[in-house]
$ cat query-v1.cif   # mmCIF, C-alpha atoms
data_work
#
loop_
_atom_site.label_atom_id
_atom_site.label_comp_id
_atom_site.auth_asym_id
_atom_site.auth_seq_id
_atom_site.Cartn_x
_atom_site.Cartn_y
_atom_site.Cartn_z
CA MET A 1 -9.01 -16.92 -13.94
CA SER A 2 -10.45 -17.67 -10.50
CA ALA A 3 -10.29 -14.81 -8.03
CA ASN A 4 -8.45 -17.19 -5.71
CA GLN A 5 -5.69 -18.03 -8.17
CA PRO A 6 -2.51 -15.97 -8.53
CA ASN A 7 -1.81 -14.45 -11.92
CA GLU A 8 1.48 -15.05 -13.70
CA GLU A 9 2.61 -11.46 -13.31
CA PHE A 10 2.27 -11.63 -9.54
CA GLU A 11 3.92 -15.03 -9.23
CA GLU A 12 6.89 -14.13 -11.38
CA GLY A 13 7.25 -10.83 -9.55
CA HIS A 14 8.61 -7.63 -11.02
CA PHE A 15 10.20 -6.61 -7.75
CA GLY A 16 13.50 -7.48 -6.15
CA GLY A 17 13.31 -10.07 -3.40
CA ALA A 18 13.36 -7.44 -0.65
CA ALA A 19 10.40 -5.65 -2.25
CA LYS A 20 8.22 -8.72 -2.68
CA THR A 21 5.54 -9.50 -0.11
CA PRO A 22 6.46 -12.83 1.52
CA LEU A 23 3.68 -15.23 0.53
CA ARG A 24 3.50 -19.01 0.69
CA ALA A 25 3.03 -21.02 -2.50
CA ASP A 26 -0.47 -22.06 -1.34
CA ALA A 27 -1.54 -18.52 -0.43
CA PHE A 28 -4.49 -18.54 -2.84
CA GLU A 29 -5.87 -22.06 -2.40
CA LEU A 30 -8.68 -21.03 -0.06
CA SER A 31 -11.58 -18.90 -1.26
CA GLU A 32 -12.31 -15.59 0.43
CA GLU A 33 -15.23 -17.10 2.35
CA GLU A 34 -13.14 -20.08 3.46
CA LYS A 35 -10.53 -17.67 4.77
CA VAL A 36 -13.20 -15.67 6.61
CA GLU A 37 -14.57 -18.81 8.26
CA LYS A 38 -11.13 -20.04 9.31
CA ILE A 39 -10.04 -16.66 10.71
CA GLU A 40 -13.38 -16.34 12.51
CA ARG A 41 -12.77 -19.63 14.32
CA ASN A 42 -9.25 -18.62 15.27
CA MET A 43 -10.30 -15.14 16.37
CA ARG A 44 -13.03 -16.66 18.54
CA GLU A 45 -10.37 -18.81 20.21
CA ILE A 46 -8.06 -15.81 20.73
CA LEU A 47 -10.80 -13.73 22.38
CA HIS A 48 -11.90 -16.71 24.49
CA THR A 49 -8.30 -17.23 25.63
CA LEU A 50 -8.14 -13.58 26.68
CA GLY A 51 -11.09 -14.27 28.97
CA LEU A 52 -13.81 -12.41 27.10
CA ASP A 53 -17.43 -13.54 27.24
CA LEU A 54 -18.40 -14.09 23.61
CA THR A 55 -22.06 -14.55 24.52
CA ASP A 56 -22.23 -10.83 25.34
CA ASP A 57 -24.26 -8.88 22.79
CA SER A 58 -21.37 -6.52 22.07
CA LEU A 59 -18.81 -9.29 21.49
CA GLN A 60 -20.66 -12.18 19.90
CA GLY A 61 -20.28 -10.82 16.36
CA THR A 62 -16.70 -9.62 16.79
CA PRO A 63 -14.86 -12.73 15.50
CA ARG A 64 -16.71 -12.63 12.17
CA ARG A 65 -16.48 -8.85 11.86
CA VAL A 66 -12.71 -9.02 12.33
CA ALA A 67 -12.37 -11.95 9.92
CA LYS A 68 -14.32 -10.16 7.18
CA MET A 69 -12.35 -6.96 7.77
CA PHE A 70 -9.03 -8.81 7.47
CA VAL A 71 -9.89 -10.65 4.26
CA LYS A 72 -11.99 -8.09 2.40
CA GLU A 73 -10.57 -4.77 3.64
CA THR A 74 -7.43 -4.53 5.75
CA PHE A 75 -5.51 -7.22 3.84
CA GLY A 76 -7.49 -7.16 0.59
CA GLY A 77 -4.34 -6.13 -1.29
CA LEU A 78 -2.91 -9.63 -0.89
CA LEU A 79 -5.16 -10.86 -3.71
CA PRO A 80 -3.73 -10.20 -7.21
CA SER A 81 -7.29 -10.00 -8.51
CA LYS A 82 -7.72 -6.78 -6.51
CA LYS A 83 -4.83 -5.03 -8.26
CA PRO A 84 -6.20 -1.94 -10.04
CA SER A 85 -5.92 -1.63 -13.79
CA LEU A 86 -3.10 0.80 -14.52
CA SER A 87 -4.15 1.84 -17.99
CA THR A 88 -2.12 4.66 -19.48
CA PHE A 89 -2.63 7.18 -22.26
CA GLU A 90 -0.48 8.67 -24.97
CA ASN A 91 1.23 11.87 -23.85
CA SER A 92 -0.37 13.76 -26.72
CA TYR A 93 0.17 17.17 -25.07
CA LYS A 94 3.94 16.47 -24.92
CA TYR A 95 4.27 17.36 -21.25
CA GLY A 96 7.86 16.52 -20.34
CA GLU A 97 8.28 17.97 -16.87
CA MET A 98 7.75 16.36 -13.50
CA LEU A 99 4.20 15.48 -12.46
CA VAL A 100 3.62 15.25 -8.71
CA GLU A 101 0.61 13.90 -6.85
CA LYS A 102 1.07 14.63 -3.17
CA ASN A 103 -0.71 13.87 0.09
CA ILE A 104 -2.15 10.52 -0.99
CA VAL A 105 -3.60 8.97 2.15
CA VAL A 106 -1.88 5.77 3.31
CA TYR A 107 -3.67 3.28 5.56
CA SER A 108 -1.59 0.16 6.06
CA THR A 109 -0.73 -2.41 8.73
CA CYS A 110 2.66 -3.09 10.29
CA GLU A 111 3.49 -6.76 9.71
CA HIS A 112 5.42 -7.00 13.00
CA HIS A 113 2.58 -6.16 15.40
CA LEU A 114 -0.46 -5.89 13.08
CA LEU A 115 -1.04 -2.30 14.16
CA PRO A 116 -1.94 0.57 11.79
CA ILE A 117 0.44 2.63 9.70
CA VAL A 118 -1.17 5.97 8.79
CA GLY A 119 0.37 8.68 6.67
CA ARG A 120 0.78 10.32 3.29
CA ALA A 121 2.47 9.28 0.07
CA HIS A 122 3.88 11.67 -2.53
CA ILE A 123 4.45 10.32 -6.05
CA ALA A 124 6.26 11.90 -8.98
CA TYR A 125 7.09 10.77 -12.49
CA ILE A 126 8.48 12.19 -15.72
CA SER A 127 6.63 10.91 -18.75
CA LYS A 128 8.35 9.46 -21.77
CA ASP A 129 5.38 8.91 -24.04
CA ARG A 130 2.70 7.65 -21.63
CA VAL A 131 0.73 9.26 -18.81
CA ILE A 132 -1.53 7.70 -16.19
CA GLY A 133 -4.82 8.85 -14.68
CA LEU A 134 -4.27 10.63 -11.37
CA SER A 135 -6.67 8.39 -9.45
CA LYS A 136 -4.68 5.34 -10.56
CA MET A 137 -1.80 6.49 -8.37
CA ASN A 138 -4.13 6.67 -5.36
CA ARG A 139 -5.43 3.21 -6.18
CA ILE A 140 -1.99 1.59 -6.49
CA VAL A 141 -0.99 3.09 -3.12
CA ASP A 142 -4.18 1.70 -1.58
CA TYR A 143 -3.65 -1.73 -3.16
CA PHE A 144 -0.14 -2.27 -1.83
CA ALA A 145 -1.02 -0.67 1.52
CA LYS A 146 -3.80 -3.20 2.11
CA ARG A 147 -1.51 -5.99 3.27
CA PRO A 148 0.86 -6.59 6.18
CA GLN A 149 3.68 -4.21 5.35
CA VAL A 150 6.94 -2.57 6.21
CA GLN A 151 7.13 0.99 4.96
CA GLU A 152 10.33 0.44 2.99
CA ARG A 153 8.75 -2.36 0.96
CA LEU A 154 5.55 -0.41 0.39
CA THR A 155 7.52 2.51 -1.03
CA ARG A 156 9.45 0.26 -3.42
CA GLN A 157 6.35 -1.63 -4.56
CA ILE A 158 4.55 1.58 -5.52
CA VAL A 159 7.52 2.79 -7.58
CA ALA A 160 8.03 -0.56 -9.32
CA ALA A 161 4.35 -0.85 -10.28
CA LEU A 162 4.27 2.65 -11.78
CA GLN A 163 7.58 2.16 -13.59
CA GLU A 164 6.14 -0.91 -15.26
CA ALA A 165 2.85 0.77 -16.16
CA LEU A 166 4.45 3.95 -17.52
CA GLY A 167 7.42 2.34 -19.25
CA THR A 168 9.90 4.65 -17.57
CA ASP A 169 12.34 4.43 -14.67
CA ASP A 170 11.76 8.10 -13.80
CA VAL A 171 9.39 7.50 -10.89
CA ALA A 172 9.76 8.51 -7.23
CA CYS A 173 7.75 7.94 -4.08
CA ILE A 174 8.12 9.46 -0.61
CA ILE A 175 6.03 8.25 2.34
CA ASP A 176 5.71 9.98 5.70
CA ALA A 177 3.75 7.86 8.17
CA LYS A 178 3.07 7.20 11.82
CA HIS A 179 3.39 3.63 13.09
CA LEU A 180 1.10 2.76 15.97
CA CYS A 181 3.51 0.01 17.03
CA VAL A 182 5.74 2.96 18.05
CA ASN A 183 3.07 5.53 18.90
CA ALA A 184 0.63 3.34 20.89
CA ARG A 185 2.81 0.59 22.45
CA GLY A 186 6.37 0.05 23.55
CA ILE A 187 8.04 3.46 23.72
CA ARG A 188 4.67 5.19 23.06
CA ASP A 189 6.23 8.11 21.23
CA ILE A 190 3.19 9.83 19.75
CA GLU A 191 5.19 12.53 17.96
CA SER A 192 7.57 10.52 15.78
CA SER A 193 6.93 9.56 12.17
CA THR A 194 8.89 7.60 9.59
CA ILE A 195 9.93 8.85 6.15
CA THR A 196 10.99 6.54 3.33
CA ALA A 197 11.89 7.35 -0.26
CA GLU A 198 12.48 5.41 -3.44
CA TYR A 199 14.02 7.23 -6.41
CA GLY A 200 14.15 5.69 -9.85
CA GLY A 201 15.86 6.81 -13.05
CA ARG A 202 16.66 10.53 -13.17
CA PHE A 203 15.37 11.01 -9.63
CA SER A 204 18.22 8.83 -8.37
CA THR A 205 20.96 10.69 -10.27
CA GLU A 206 19.87 14.35 -10.45
CA ASP A 207 20.09 16.30 -7.20
CA ALA A 208 18.24 19.28 -8.68
CA LEU A 209 15.29 17.08 -9.60
CA ARG A 210 15.02 15.75 -6.05
CA ARG A 211 15.20 19.28 -4.68
CA ASP A 212 12.38 20.35 -7.00
CA LEU A 213 10.32 17.37 -5.84
CA MET A 214 10.79 18.30 -2.19
CA HIS A 215 9.84 21.90 -2.99
CA TYR A 216 6.62 20.83 -4.72
CA ILE A 217 5.66 18.57 -1.81
CA GLN A 218 6.07 21.45 0.65
CA VAL A 219 4.00 23.93 -1.37
CA GLU A 220 0.75 24.72 0.45
CA THR A 221 -2.30 23.88 -1.62
CA GLU A 222 -5.20 26.30 -1.26
CA PHE A 223 -8.62 26.23 -2.85
CA GLY A 224 -11.04 29.12 -3.22
CA VAL A 225 -14.64 28.66 -2.16
#
$ encode --input "query-v1.cif" --output "structure tokens"
Amino acid sequence: MSANQPNEEFEEGHFGGAAKTPLRADAFELSEEEKVEKIERNMREILHTLGLDLTDDSLQGTPRRVAKMFVKETFGGLLPSKKPSLSTFENSYKYGEMLVEKNIVVYSTCEHHLLPIVGRAHIAYISKDRVIGLSKMNRIVDYFAKRPQVQERLTRQIVAALQEALGTDDVACIIDAKHLCVNARGIRDIESSTITAEYGGRFSTEDALRRDLMHYIQVETEFGV
């Protein structure tokens, strides 16, 4: 499959409509380099319109730098080919309690103003008969974060992807993040943050389980030297 072509899984979508990134049908027709070239031209026009002198040594490379950053880094999660492999393993040690990975760094971009969203994600699941490598949870957060986002959708996409990989509904995700569209413009409230949560399976029905999850997230983690 070409890196520019959507895969069937992505096109069919395993998320509800509200949790699916809004993409056009022709979203993958251009190659990465074609996208870089087109964005570079448009970015050059934007900076020129703002009155900047693009012959200046500091600015002349900016349109291409921004274009490459958009396609290959900031919005790299738009390409299905970049989705990490979520291979799982048999739960041979029969661990049946909650597993929590907390404080996963989130770097995303608000789709309303294209300003950064920066925060932490906390993921929990209860295994049925499969477990997943810890780093895979970091990678799936990073994949869905690298696209224009709203925090509610990001939270739901992470849960849905892990539910599918693990074969269980018992997955939860909580994200606490600062939005620079609030912190750095408009009201300029630098203190506020936004918390979203998605609870699946037992997490959505058992109050005690959610309380335990919140307790684990708040536990201070210390490491000896």
$ closest_residue --input "query-v1.cif" --among "A:Met137, A:Val36, A:Leu154, A:Leu52" --to "Thr88 of chain A" --atoms "all atoms listed in the file"
A:Met137
$ resolve_selection --input "query-v1.cif" --expression "the PyMOL selection byres ((chain A and resi 72-86) around 6)" --output "list in words"
Ala3, Lys68, Met69, Phe70, Val71, Ser87, Tyr143, Phe144, Lys146 and Arg147 of chain A
$ closest_residue --input "query-v1.cif" --among "A:Glu152, A:Glu97, A:Glu40, A:Glu222" --to "Ala197 of chain A" --atoms "only C-alpha atoms"
A:Glu152
$ resolve_selection --input "query-v1.cif" --expression "the PyMOL selection byres ((chain A and resi 98) around 8)" --output "MDAnalysis selection string"
chainID A and resid 96:97 99:100 124:127
$ write_last_selection --input "query-v1.cif" --atoms "C-alpha atoms" --output "compact mmCIF listing (two decimals), in the frame of the given file"
# COMPACT_ATOMS: atom_id res chain seq x y z
CA GLY A 96 7.86 16.52 -20.34
CA GLU A 97 8.28 17.97 -16.87
CA LEU A 99 4.20 15.48 -12.46
CA VAL A 100 3.62 15.25 -8.71
CA ALA A 124 6.26 11.90 -8.98
CA TYR A 125 7.09 10.77 -12.49
CA ILE A 126 8.48 12.19 -15.72
CA SER A 127 6.63 10.91 -18.75
$ closest_residue --input "query-v1.cif" --among "A:Gln60, A:Val118, A:Leu166, A:Val171" --to "His48 of chain A" --atoms "all atoms listed in the file"
A:Gln60
$ resolve_selection --input "query-v1.cif" --expression "the PyMOL selection byres ((chain A and resi 120) around 8)" --output "list in words"
Lys102, Asn103, Ile104, Val105, Val106, Val118, Gly119, Ala121, His122, Ile175, Asp176 and Ala177 of chain A
$ atom_distance --input "query-v1.cif" --atom1 "atom CA of Arg64 of chain A" --atom2 "atom CA of Glu29 of chain A"
20.5 Å
$ closest_residue --input "query-v1.cif" --among "A:Tyr107, A:Lys178, A:Val66, A:Leu30" --to "Ile46 of chain A" --atoms "all atoms listed in the file"
A:Val66
$ atom_distance --input "query-v1.cif" --atom1 "atom CA of Ala184 of chain A" --atom2 "atom CA of Glu111 of chain A"
15.3 Å
$ atom_distance --input "query-v1.cif" --atom1 "atom CA of Thr168 of chain A" --atom2 "atom CA of Glu90 of chain A"
13.4 Å
$ closest_residue --input "query-v1.cif" --among "A:Lys20, A:Arg130, A:His215, A:Arg188" --to "Ile158 of chain A" --atoms "all atoms listed in the file"
A:Lys20
$ closest_residue --input "query-v1.cif" --among "A:Ala208, A:Met214, A:Ala19, A:Val150" --to "Leu115 of chain A" --atoms "all atoms listed in the file"
A:Val150
$ residues_around --input "query-v1.cif" --residues "Gly61 of chain A" --least-positions-apart "4" --cutoff "12 Å" --atoms "all atoms listed in the file" --output "PyMOL selection string"
chain A and resi 40-41+43-44+47+53-57+65-68
$ write_last_selection --input "query-v1.cif" --atoms "C-alpha atoms" --output "compact mmCIF listing (two decimals), keeping the file's coordinate frame"
# COMPACT_ATOMS: atom_id res chain seq x y z
CA GLU A 40 -13.38 -16.34 12.51
CA ARG A 41 -12.77 -19.63 14.32
CA MET A 43 -10.30 -15.14 16.37
CA ARG A 44 -13.03 -16.66 18.54
CA LEU A 47 -10.80 -13.73 22.38
CA ASP A 53 -17.43 -13.54 27.24
CA LEU A 54 -18.40 -14.09 23.61
CA THR A 55 -22.06 -14.55 24.52
CA ASP A 56 -22.23 -10.83 25.34
CA ASP A 57 -24.26 -8.88 22.79
CA ARG A 65 -16.48 -8.85 11.86
CA VAL A 66 -12.71 -9.02 12.33
CA ALA A 67 -12.37 -11.95 9.92
CA LYS A 68 -14.32 -10.16 7.18
$ residues_around --input "query-v1.cif" --residues "Val182 of chain A" --least-positions-apart "5" --cutoff "12 Å" --atoms "all atoms listed in the file" --output "PyMOL selection string"
chain A and resi 110+112-118+177+187-194
$ build_atoms --input "query-v1.cif" --residues "segment 36-59 of chain A" --atoms "N, CA and C atoms" --output "mmCIF file, in the coordinates of the input"
data_model
loop_
_atom_site.group_PDB
_atom_site.id
_atom_site.type_symbol
_atom_site.label_atom_id
_atom_site.label_comp_id
_atom_site.auth_asym_id
_atom_site.auth_seq_id
_atom_site.Cartn_x
_atom_site.Cartn_y
_atom_site.Cartn_z
ATOM 1 N N VAL A 36 -12.411 -16.349 5.586
ATOM 2 C CA VAL A 36 -13.200 -15.670 6.610
ATOM 3 C C VAL A 36 -13.612 -16.665 7.693
ATOM 4 N N GLU A 37 -14.101 -17.814 7.288
ATOM 5 C CA GLU A 37 -14.570 -18.810 8.260
ATOM 6 C C GLU A 37 -13.425 -19.308 9.143
ATOM 7 N N LYS A 38 -12.265 -19.534 8.540
ATOM 8 C CA LYS A 38 -11.130 -20.040 9.310
ATOM 9 C C LYS A 38 -10.613 -18.985 10.279
ATOM 10 N N ILE A 39 -10.503 -17.733 9.826
ATOM 11 C CA ILE A 39 -10.040 -16.660 10.710
ATOM 12 C C ILE A 39 -11.053 -16.407 11.818
ATOM 13 N N GLU A 40 -12.355 -16.515 11.496
ATOM 14 C CA GLU A 40 -13.380 -16.340 12.510
ATOM 15 C C GLU A 40 -13.211 -17.345 13.646
ATOM 16 N N ARG A 41 -12.969 -18.606 13.290
ATOM 17 C CA ARG A 41 -12.770 -19.630 14.320
ATOM 18 C C ARG A 41 -11.550 -19.307 15.178
ATOM 19 N N ASN A 42 -10.468 -18.925 14.530
ATOM 20 C CA ASN A 42 -9.250 -18.620 15.270
ATOM 21 C C ASN A 42 -9.397 -17.363 16.132
ATOM 22 N N MET A 43 -10.091 -16.368 15.606
ATOM 23 C CA MET A 43 -10.300 -15.140 16.370
ATOM 24 C C MET A 43 -11.193 -15.416 17.581
ATOM 25 N N ARG A 44 -12.174 -16.278 17.415
ATOM 26 C CA ARG A 44 -13.030 -16.660 18.540
ATOM 27 C C ARG A 44 -12.188 -17.295 19.644
ATOM 28 N N GLU A 45 -11.238 -18.150 19.239
ATOM 29 C CA GLU A 45 -10.370 -18.810 20.210
ATOM 30 C C GLU A 45 -9.450 -17.805 20.907
ATOM 31 N N ILE A 46 -8.931 -16.837 20.138
ATOM 32 C CA ILE A 46 -8.060 -15.810 20.730
ATOM 33 C C ILE A 46 -8.822 -15.000 21.784
ATOM 34 N N LEU A 47 -10.024 -14.548 21.447
ATOM 35 C CA LEU A 47 -10.800 -13.730 22.380
ATOM 36 C C LEU A 47 -11.224 -14.547 23.599
ATOM 37 N N HIS A 48 -11.549 -15.823 23.368
ATOM 38 C CA HIS A 48 -11.900 -16.710 24.490
ATOM 39 C C HIS A 48 -10.706 -16.881 25.417
ATOM 40 N N THR A 49 -9.517 -17.058 24.833
ATOM 41 C CA THR A 49 -8.300 -17.230 25.630
ATOM 42 C C THR A 49 -8.007 -15.995 26.460
ATOM 43 N N LEU A 50 -8.342 -14.825 25.936
ATOM 44 C CA LEU A 50 -8.140 -13.580 26.680
ATOM 45 C C LEU A 50 -9.127 -13.417 27.829
ATOM 46 N N GLY A 51 -10.137 -14.295 27.872
ATOM 47 C CA GLY A 51 -11.090 -14.270 28.970
ATOM 48 C C GLY A 51 -12.380 -13.538 28.683
ATOM 49 N N LEU A 52 -12.605 -13.169 27.436
ATOM 50 C CA LEU A 52 -13.810 -12.410 27.100
ATOM 51 C C LEU A 52 -15.023 -13.333 26.965
ATOM 52 N N ASP A 53 -16.170 -12.806 27.332
ATOM 53 C CA ASP A 53 -17.430 -13.540 27.240
ATOM 54 C C ASP A 53 -18.055 -13.306 25.879
ATOM 55 N N LEU A 54 -17.931 -14.263 24.982
ATOM 56 C CA LEU A 54 -18.400 -14.090 23.610
ATOM 57 C C LEU A 54 -19.904 -14.285 23.466
ATOM 58 N N THR A 55 -20.599 -14.522 24.579
ATOM 59 C CA THR A 55 -22.060 -14.550 24.520
ATOM 60 C C THR A 55 -22.635 -13.146 24.746
ATOM 61 N N ASP A 56 -21.782 -12.202 25.142
ATOM 62 C CA ASP A 56 -22.230 -10.830 25.340
ATOM 63 C C ASP A 56 -22.657 -10.237 24.002
ATOM 64 N N ASP A 57 -23.727 -9.458 24.020
ATOM 65 C CA ASP A 57 -24.260 -8.880 22.790
ATOM 66 C C ASP A 57 -23.221 -8.087 22.013
ATOM 67 N N SER A 58 -22.356 -7.374 22.726
ATOM 68 C CA SER A 58 -21.370 -6.520 22.070
ATOM 69 C C SER A 58 -20.242 -7.310 21.422
ATOM 70 N N LEU A 59 -19.978 -8.516 21.940
ATOM 71 C CA LEU A 59 -18.810 -9.290 21.490
ATOM 72 C C LEU A 59 -19.131 -10.454 20.575
#
